[in-house]
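Colleague: Dropping in input.pdb, with PDB, C-alpha atoms, pLDDT in the B column.
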```
ATOM      1  CA  MET A 288     -63.516 110.304  44.021  1.00 62.00           C
ATOM      2  CA  ARG A 289     -67.229 109.418  43.878  1.00 78.00           C
ATOM      3  CA  GLY A 290     -68.810 111.994  41.607  1.00 82.00           C
ATOM      4  CA  LEU A 291     -67.528 113.698  38.463  1.00 87.00           C
ATOM      5  CA  VAL A 292     -68.331 117.240  39.586  1.00 95.00           C
ATOM      6  CA  LYS A 293     -66.109 118.781  42.278  1.00 96.00           C
ATOM      7  CA  VAL A 294     -67.206 121.751  44.417  1.00 97.00           C
ATOM      8  CA  THR A 295     -65.527 123.641  47.261  1.00 95.00           C
ATOM      9  CA  ASP A 296     -68.627 124.097  49.439  1.00 97.00           C
ATOM     10  CA  ILE A 297     -70.894 121.057  49.651  1.00 97.00           C
ATOM     11  CA  ASP A 298     -73.243 122.791  52.126  1.00 97.00           C
ATOM     12  CA  ALA A 299     -73.810 125.675  49.696  1.00 98.00           C
ATOM     13  CA  VAL A 300     -74.820 123.133  47.043  1.00 98.00           C
ATOM     14  CA  LYS A 301     -77.256 121.411  49.394  1.00 97.00           C
ATOM     15  CA  ASN A 302     -78.820 124.749  50.407  1.00 97.00           C
ATOM     16  CA  ALA A 303     -79.133 125.869  46.772  1.00 98.00           C
ATOM     17  CA  LEU A 304     -80.837 122.597  45.827  1.00 98.00           C
ATOM     18  CA  LEU A 305     -83.277 122.916  48.730  1.00 98.00           C
ATOM     19  CA  ARG A 306     -84.121 126.475  47.598  1.00 98.00           C
ATOM     20  CA  GLU A 307     -84.732 125.093  44.104  1.00 97.00           C
ATOM     21  CA  GLY A 308     -87.382 122.686  45.408  1.00 96.00           C
ATOM     22  CA  PHE A 309     -85.320 119.553  45.995  1.00 97.00           C
ATOM     23  CA  LYS A 310     -86.401 117.403  48.934  1.00 93.00           C
ATOM     24  CA  ASP A 311     -84.828 114.786  51.172  1.00 90.00           C
ATOM     25  CA  PRO A 312     -86.413 111.424  50.269  1.00 81.00           C
ATOM     26  CA  THR A 313     -85.228 109.685  53.443  1.00 70.00           C
ATOM     27  CA  PRO A 314     -85.985 106.909  54.356  1.00 71.00           C
ATOM     28  CA  LEU A 315     -86.694 105.943  50.736  1.00 63.00           C
ATOM     29  CA  GLN A 316     -83.090 106.335  49.644  1.00 73.00           C
ATOM     30  CA  VAL A 317     -80.146 103.995  49.318  1.00 78.00           C
ATOM     31  CA  TRP A 318     -77.092 105.677  50.809  1.00 86.00           C
ATOM     32  CA  LYS A 319     -73.771 105.167  49.064  1.00 88.00           C
ATOM     33  CA  GLU A 320     -70.391 105.128  50.760  1.00 93.00           C
ATOM     34  CA  GLY A 321     -69.230 108.655  51.599  1.00 94.00           C
ATOM     35  CA  GLN A 322     -72.612 110.217  50.814  1.00 94.00           C
ATOM     36  CA  VAL A 323     -73.454 113.280  52.939  1.00 95.00           C
ATOM     37  CA  PHE A 324     -76.742 114.215  51.262  1.00 95.00           C
ATOM     38  CA  GLY A 325     -79.151 112.987  48.640  1.00 94.00           C
ATOM     39  CA  LEU A 326     -81.933 115.219  47.344  1.00 96.00           C
ATOM     40  CA  VAL A 327     -84.628 114.673  44.718  1.00 92.00           C
ATOM     41  CA  LYS A 328     -86.911 116.882  42.667  1.00 94.00           C
ATOM     42  CA  GLU A 329     -89.838 115.871  40.487  1.00 87.00           C
ATOM     43  CA  VAL A 330     -89.302 116.317  36.757  1.00 85.00           C
ATOM     44  CA  GLY A 331     -92.655 116.091  35.039  1.00 77.00           C
ATOM     45  CA  ASN A 332     -95.218 113.583  36.280  1.00 74.00           C
ATOM     46  CA  THR A 333     -93.177 110.379  36.360  1.00 76.00           C
ATOM     47  CA  LEU A 334     -89.481 111.252  36.658  1.00 82.00           C
ATOM     48  CA  GLU A 335     -87.236 112.706  39.314  1.00 88.00           C
ATOM     49  CA  MET A 336     -83.777 114.190  39.381  1.00 90.00           C
ATOM     50  CA  HIS A 337     -81.529 112.847  42.134  1.00 92.00           C
ATOM     51  CA  VAL A 338     -78.393 114.696  43.302  1.00 95.00           C
ATOM     52  CA  ARG A 339     -75.977 113.108  45.763  1.00 94.00           C
ATOM     53  CA  GLY A 340     -73.214 114.972  47.584  1.00 96.00           C
ATOM     54  CA  TYR A 341     -70.174 113.139  48.946  1.00 96.00           C
ATOM     55  CA  ASN A 342     -67.658 113.804  51.699  1.00 95.00           C
ATOM     56  CA  ASP A 343     -64.915 114.313  49.070  1.00 95.00           C
ATOM     57  CA  PHE A 344     -66.872 117.396  47.824  1.00 96.00           C
ATOM     58  CA  THR A 345     -68.051 115.691  44.639  1.00 96.00           C
ATOM     59  CA  LEU A 346     -71.556 115.499  43.210  1.00 96.00           C
ATOM     60  CA  GLU A 347     -73.455 112.866  41.274  1.00 93.00           C
ATOM     61  CA  SER A 348     -76.646 113.678  39.389  1.00 93.00           C
ATOM     62  CA  GLU A 349     -79.097 111.354  37.656  1.00 90.00           C
ATOM     63  CA  ILE A 350     -82.623 111.114  36.332  1.00 85.00           C
ATOM     64  CA  GLU A 351     -84.856 108.135  37.028  1.00 82.00           C
ATOM     65  CA  LEU A 352     -88.426 106.936  37.380  1.00 69.00           C
ATOM     66  CA  SER A 353     -90.049 108.473  40.453  1.00 67.00           C
ATOM     67  CA  ARG A 354     -89.844 106.580  43.720  1.00 62.00           C
ATOM     68  CA  GLU A 355     -93.645 106.830  43.795  1.00 65.00           C
ATOM     69  CA  TYR A 356     -93.651 103.656  41.682  1.00 60.00           C
ATOM     70  CA  LEU A 357     -92.645 100.098  42.570  1.00 55.00           C
ATOM     71  CA  GLU A 358     -90.575  99.973  39.377  1.00 58.00           C
ATOM     72  CA  HIS A 359     -88.168 102.661  40.693  1.00 55.00           C
ATOM     73  CA  PRO A 360     -85.391 102.665  39.565  1.00 64.00           C
ATOM     74  CA  TYR A 361     -86.290 101.040  36.272  1.00 59.00           C
ATOM     75  CA  GLU A 362     -83.605 102.948  34.426  1.00 67.00           C
ATOM     76  CA  CYS A 363     -81.264 105.567  35.793  1.00 71.00           C
ATOM     77  CA  LYS A 364     -79.063 107.858  33.688  1.00 77.00           C
ATOM     78  CA  PRO A 365     -76.559 110.635  34.442  1.00 86.00           C
ATOM     79  CA  TYR A 366     -78.213 114.061  34.238  1.00 82.00           C
ATOM     80  CA  TYR A 367     -76.017 117.114  34.866  1.00 91.00           C
ATOM     81  CA  GLY A 368     -77.361 120.011  32.755  1.00 90.00           C
ATOM     82  CA  PRO A 369     -79.932 121.259  35.301  1.00 93.00           C
ATOM     83  CA  LEU A 370     -77.392 120.855  38.140  1.00 96.00           C
ATOM     84  CA  PHE A 371     -74.877 123.039  36.286  1.00 95.00           C
ATOM     85  CA  ASN A 372     -77.575 125.693  35.776  1.00 96.00           C
ATOM     86  CA  ILE A 373     -78.251 125.732  39.529  1.00 97.00           C
ATOM     87  CA  LEU A 374     -74.550 125.903  40.421  1.00 98.00           C
ATOM     88  CA  ARG A 375     -74.081 128.843  38.027  1.00 97.00           C
ATOM     89  CA  ARG A 376     -77.239 130.623  39.257  1.00 97.00           C
ATOM     90  CA  TYR A 377     -75.976 130.469  42.859  1.00 98.00           C
ATOM     91  CA  ARG A 378     -72.389 131.254  41.799  1.00 97.00           C
ATOM     92  CA  ILE A 379     -71.048 128.016  43.250  1.00 98.00           C
ATOM     93  CA  PRO A 380     -67.688 127.234  41.629  1.00 97.00           C
ATOM     94  CA  PHE A 381     -67.279 123.719  40.252  1.00 97.00           C
ATOM     95  CA  SER A 382     -64.883 121.683  38.157  1.00 95.00           C
ATOM     96  CA  LEU A 383     -65.110 118.395  36.297  1.00 93.00           C
ATOM     97  CA  SER A 384     -62.920 115.436  37.154  1.00 85.00           C
ATOM     98  CA  GLY A 385     -63.651 113.574  33.937  1.00 82.00           C
ATOM     99  CA  LYS A 386     -65.736 113.559  30.794  1.00 84.00           C
ATOM    100  CA  LEU A 387     -69.435 113.727  31.572  1.00 82.00           C
ATOM    101  CA  PRO A 388     -71.920 111.784  29.486  1.00 77.00           C
ATOM    102  CA  SER A 389     -74.510 113.819  27.597  1.00 73.00           C
ATOM    103  CA  ASP A 390     -77.855 114.305  29.298  1.00 68.00           C
ATOM    104  CA  PRO A 391     -80.310 111.701  28.020  1.00 62.00           C
ATOM    105  CA  THR A 392     -82.870 112.668  25.423  1.00 66.00           C
ATOM    106  CA  PHE A 393     -84.847 109.525  26.201  1.00 55.00           C
ATOM    107  CA  LEU A 394     -85.388 107.551  29.401  1.00 57.00           C
ATOM    108  CA  LYS A 395     -86.908 104.099  29.233  1.00 61.00           C
ATOM    109  CA  VAL A 396     -89.783 103.748  31.707  1.00 64.00           C
ATOM    110  CA  PRO A 397     -92.371 100.985  31.924  1.00 54.00           C
ATOM    111  CA  LYS A 398     -95.652 101.712  30.137  1.00 66.00           C
ATOM    112  CA  LYS A 399     -97.565 100.378  33.128  1.00 70.00           C
ATOM    113  CA  ARG A 400     -96.352 101.790  36.422  1.00 59.00           C
ATOM    114  CA  THR A 401     -97.488 100.647  39.853  1.00 59.00           C
ATOM    115  CA  PRO A 402     -97.970 103.339  42.515  1.00 63.00           C
ATOM    116  CA  TRP A 403     -96.852 101.755  45.794  1.00 52.00           C
ATOM    117  CA  LYS A 404     -98.708 103.982  48.283  1.00 62.00           C
ATOM    118  CA  PRO A 405    -102.219 102.605  47.564  1.00 59.00           C
ATOM    119  CA  ILE A 406    -100.816  99.091  47.962  1.00 60.00           C
ATOM    120  CA  ALA A 407     -99.186 100.012  51.286  1.00 63.00           C
ATOM    121  CA  ILE A 408    -102.438 101.589  52.526  1.00 71.00           C
ATOM    122  CA  GLY A 409    -104.401  98.492  51.479  1.00 67.00           C
ATOM    123  CA  VAL A 410    -101.965  96.193  53.305  1.00 65.00           C
ATOM    124  CA  ALA A 411    -102.121  98.395  56.413  1.00 71.00           C
ATOM    125  CA  ILE A 412    -105.942  98.296  56.387  1.00 77.00           C
ATOM    126  CA  LEU A 413    -105.920  94.533  55.873  1.00 78.00           C
ATOM    127  CA  LEU A 414    -103.470  93.950  58.733  1.00 81.00           C
ATOM    128  CA  SER A 415    -105.349  96.343  61.042  1.00 81.00           C
ATOM    129  CA  SER A 416    -108.628  94.597  60.275  1.00 78.00           C
ATOM    130  CA  ALA A 417    -107.070  91.190  60.901  1.00 77.00           C
ATOM    131  CA  PHE A 418    -105.642  92.396  64.212  1.00 78.00           C
ATOM    132  CA  LEU A 419    -108.972  93.871  65.318  1.00 78.00           C
ATOM    133  CA  LEU A 420    -110.809  90.648  64.439  1.00 80.00           C
ATOM    134  CA  TRP A 421    -108.212  88.618  66.334  1.00 80.00           C
ATOM    135  CA  ALA A 422    -108.388  90.962  69.357  1.00 79.00           C
ATOM    136  CA  ALA A 423    -112.209  90.799  69.355  1.00 80.00           C
ATOM    137  CA  SER A 424    -112.188  86.996  69.230  1.00 81.00           C
ATOM    138  CA  GLU A 425    -109.608  86.778  72.033  1.00 78.00           C
ATOM    139  CA  GLY A 426    -111.571  89.236  74.189  1.00 65.00           C
ATOM    140  CA  GLY A 427    -114.776  87.230  73.876  1.00 55.00           C
ATOM    141  CA  GLU A 428    -113.273  84.005  75.213  1.00 59.00           C
ATOM    142  CA  GLU A 429    -113.711  83.158  78.876  1.00 57.00           C
ATOM    143  CA  ASN A 430    -111.198  81.064  80.830  1.00 53.00           C
TER
END
```
Show me this structure written as structure tokens.
Modeller:
Amino acid sequence: MRGLVKVTDIDAVKNALLREGFKDPTPLQVWKEGQVFGLVKEVGNTLEMHVRGYNDFTLESEIELSREYLEHPYECKPYYGPLFNILRRYRIPFSLSGKLPSDPTFLKVPKKRTPWKPIAIGVAILLSSAFLLWAASEGGEEN
């Protein structure tokens, strides 16, 4: 069994999470064995909640630094309270297969975080410029 929370309808869970604003982060997600979905939702400005569903009808839920930063995942902790609220709101029955840790009251994140998208855009511009310069120099040569 992968996760500690067992449900009878994994598709109902996925649909409820999508209605609650969770999104599919693919391709920026590491898939674990038996995983059938992984959805994330922003929590504040720098954190995100990540819920994974598995083919054995279990769920795993955690909170971590947003994947918007190179330091993701700096620290990742189990985080089930909000998931239970969603399951209850949508009347999705669930059971626990073990003792769950308490939701964290503190998550360690780096003071300086590095957004990766501006770096990726800068690299793309640099590579495009280099290619265009190379293509221009090759086009100007006569054989």
Colleague: Determine the residue set returned by the PyMOL selection byres ((chain A and resi 384) around 8) for the present structure, and present it as a list of chain:residue names.
Modeller: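 Selected by the PyMOL selection byres ((chain A and resi 384) around 8) here: A:Leu291, A:Val292, A:Lys293, A:Ser382, A:Leu383, A:Gly385, A:Lys386.
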Colleague: For the residues in that selection, give me C-alpha atoms as a PDB file, in the coordinates of the input.
Modeller:
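Generated output (selection.pdb):
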```
ATOM      1  CA  LEU A 291     -67.528 113.698  38.463  1.00 87.00           C
ATOM      2  CA  VAL A 292     -68.331 117.240  39.586  1.00 95.00           C
ATOM      3  CA  LYS A 293     -66.109 118.781  42.278  1.00 96.00           C
ATOM      4  CA  SER A 382     -64.883 121.683  38.157  1.00 95.00           C
ATOM      5  CA  LEU A 383     -65.110 118.395  36.297  1.00 93.00           C
ATOM      6  CA  GLY A 385     -63.651 113.574  33.937  1.00 82.00           C
ATOM      7  CA  LYS A 386     -65.736 113.559  30.794  1.00 84.00           C
TER       8      LYS A 386
END
```
Colleague: Which residue gives the smallest distance to Arg339 (chain A) among A:Ile373, A:Leu304, A:Ile412, A:Ile379, with all atoms listed in the file counted?
Modeller: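 Among A:Ile373, A:Leu304, A:Ile412, A:Ile379, it is A:Leu304 that comes nearest to Arg339 (chain A).
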Colleague: Spell out the residues picked by the PyMOL selection byres ((chain A and resi 289) around 7) here, as an mmCIF file with C-alpha atoms, in the frame of the given file.
Modeller:
```cif
data_model
loop_
_atom_site.group_PDB
_atom_site.id
_atom_site.type_symbol
_atom_site.label_atom_id
_atom_site.label_comp_id
_atom_site.auth_asym_id
_atom_site.auth_seq_id
_atom_site.Cartn_x
_atom_site.Cartn_y
_atom_site.Cartn_z
ATOM 1 C CA MET A 288 -63.516 110.304 44.021
ATOM 2 C CA GLY A 290 -68.810 111.994 41.607
ATOM 3 C CA LEU A 291 -67.528 113.698 38.463
ATOM 4 C CA TYR A 341 -70.174 113.139 48.946
ATOM 5 C CA THR A 345 -68.051 115.691 44.639
#
```
Colleague: In Å, how far is it from CA of Lys319 (chain A) to CA of Glu307 (chain A)?
Modeller: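 Value for the CA of Lys319 (chain A)-CA of Glu307 (chain A) distance: 23.3 Å.
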Colleague: CA of Leu305 (chain A) and CA of Pro369 (chain A) are how many Å apart?
Modeller: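 Computing the Euclidean distance for CA of Leu305 (chain A) and CA of Pro369 (chain A) yields 13.9 Å.
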Colleague: Given the file above and the PyMOL selection byres ((chain A and resi 297) around 10), which residues are selected, and can you give them as a list in words?
Modeller: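 When the PyMOL selection byres ((chain A and resi 297) around 10) is applied, the selected residues are Lys293, Val294, Thr295, Asp296, Asp298, Ala299, Val300, Lys301, Asn302, Ala303, Val323, Phe324, Gly340, Tyr341, Asn342, Asp343, Phe344, Thr345, Leu346 and Ile379 of chain A.
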Colleague: Please, what distance in Å, to one decimal, runs between CA of Glu335 (chain A) and CA of Pro388 (chain A)?
Modeller: 18.2 Å
Colleague: Just the residues within 8 Å of Lys310 (chain A), please, counting all atoms listed in the file, with nothing from its chain fewer than 5 positions along; format it as a PDB file with C-alpha atoms, keeping the file's coordinate frame.
Modeller:
```
ATOM      1  CA  LEU A 305     -83.277 122.916  48.730  1.00 98.00           C
ATOM      2  CA  LEU A 326     -81.933 115.219  47.344  1.00 96.00           C
ATOM      3  CA  VAL A 327     -84.628 114.673  44.718  1.00 92.00           C
ATOM      4  CA  LYS A 328     -86.911 116.882  42.667  1.00 94.00           C
TER       5      LYS A 328
END
```
Colleague: Calculated over only C-alpha atoms, which of the candidates A:Leu387, A:Pro314, A:Arg306, A:Trp421 has the smallest distance to Ser348 (chain A)?
Modeller: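 Residue with the minimum atom-to-atom distance to Ser348 (chain A): A:Leu387.
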Colleague: Nearest to Gly368 (chain A) among A:Ala422, A:Val338, A:Val317, A:Leu414, with distances taken over all atoms listed in the file: which residue is it?
Modeller: A:Val338
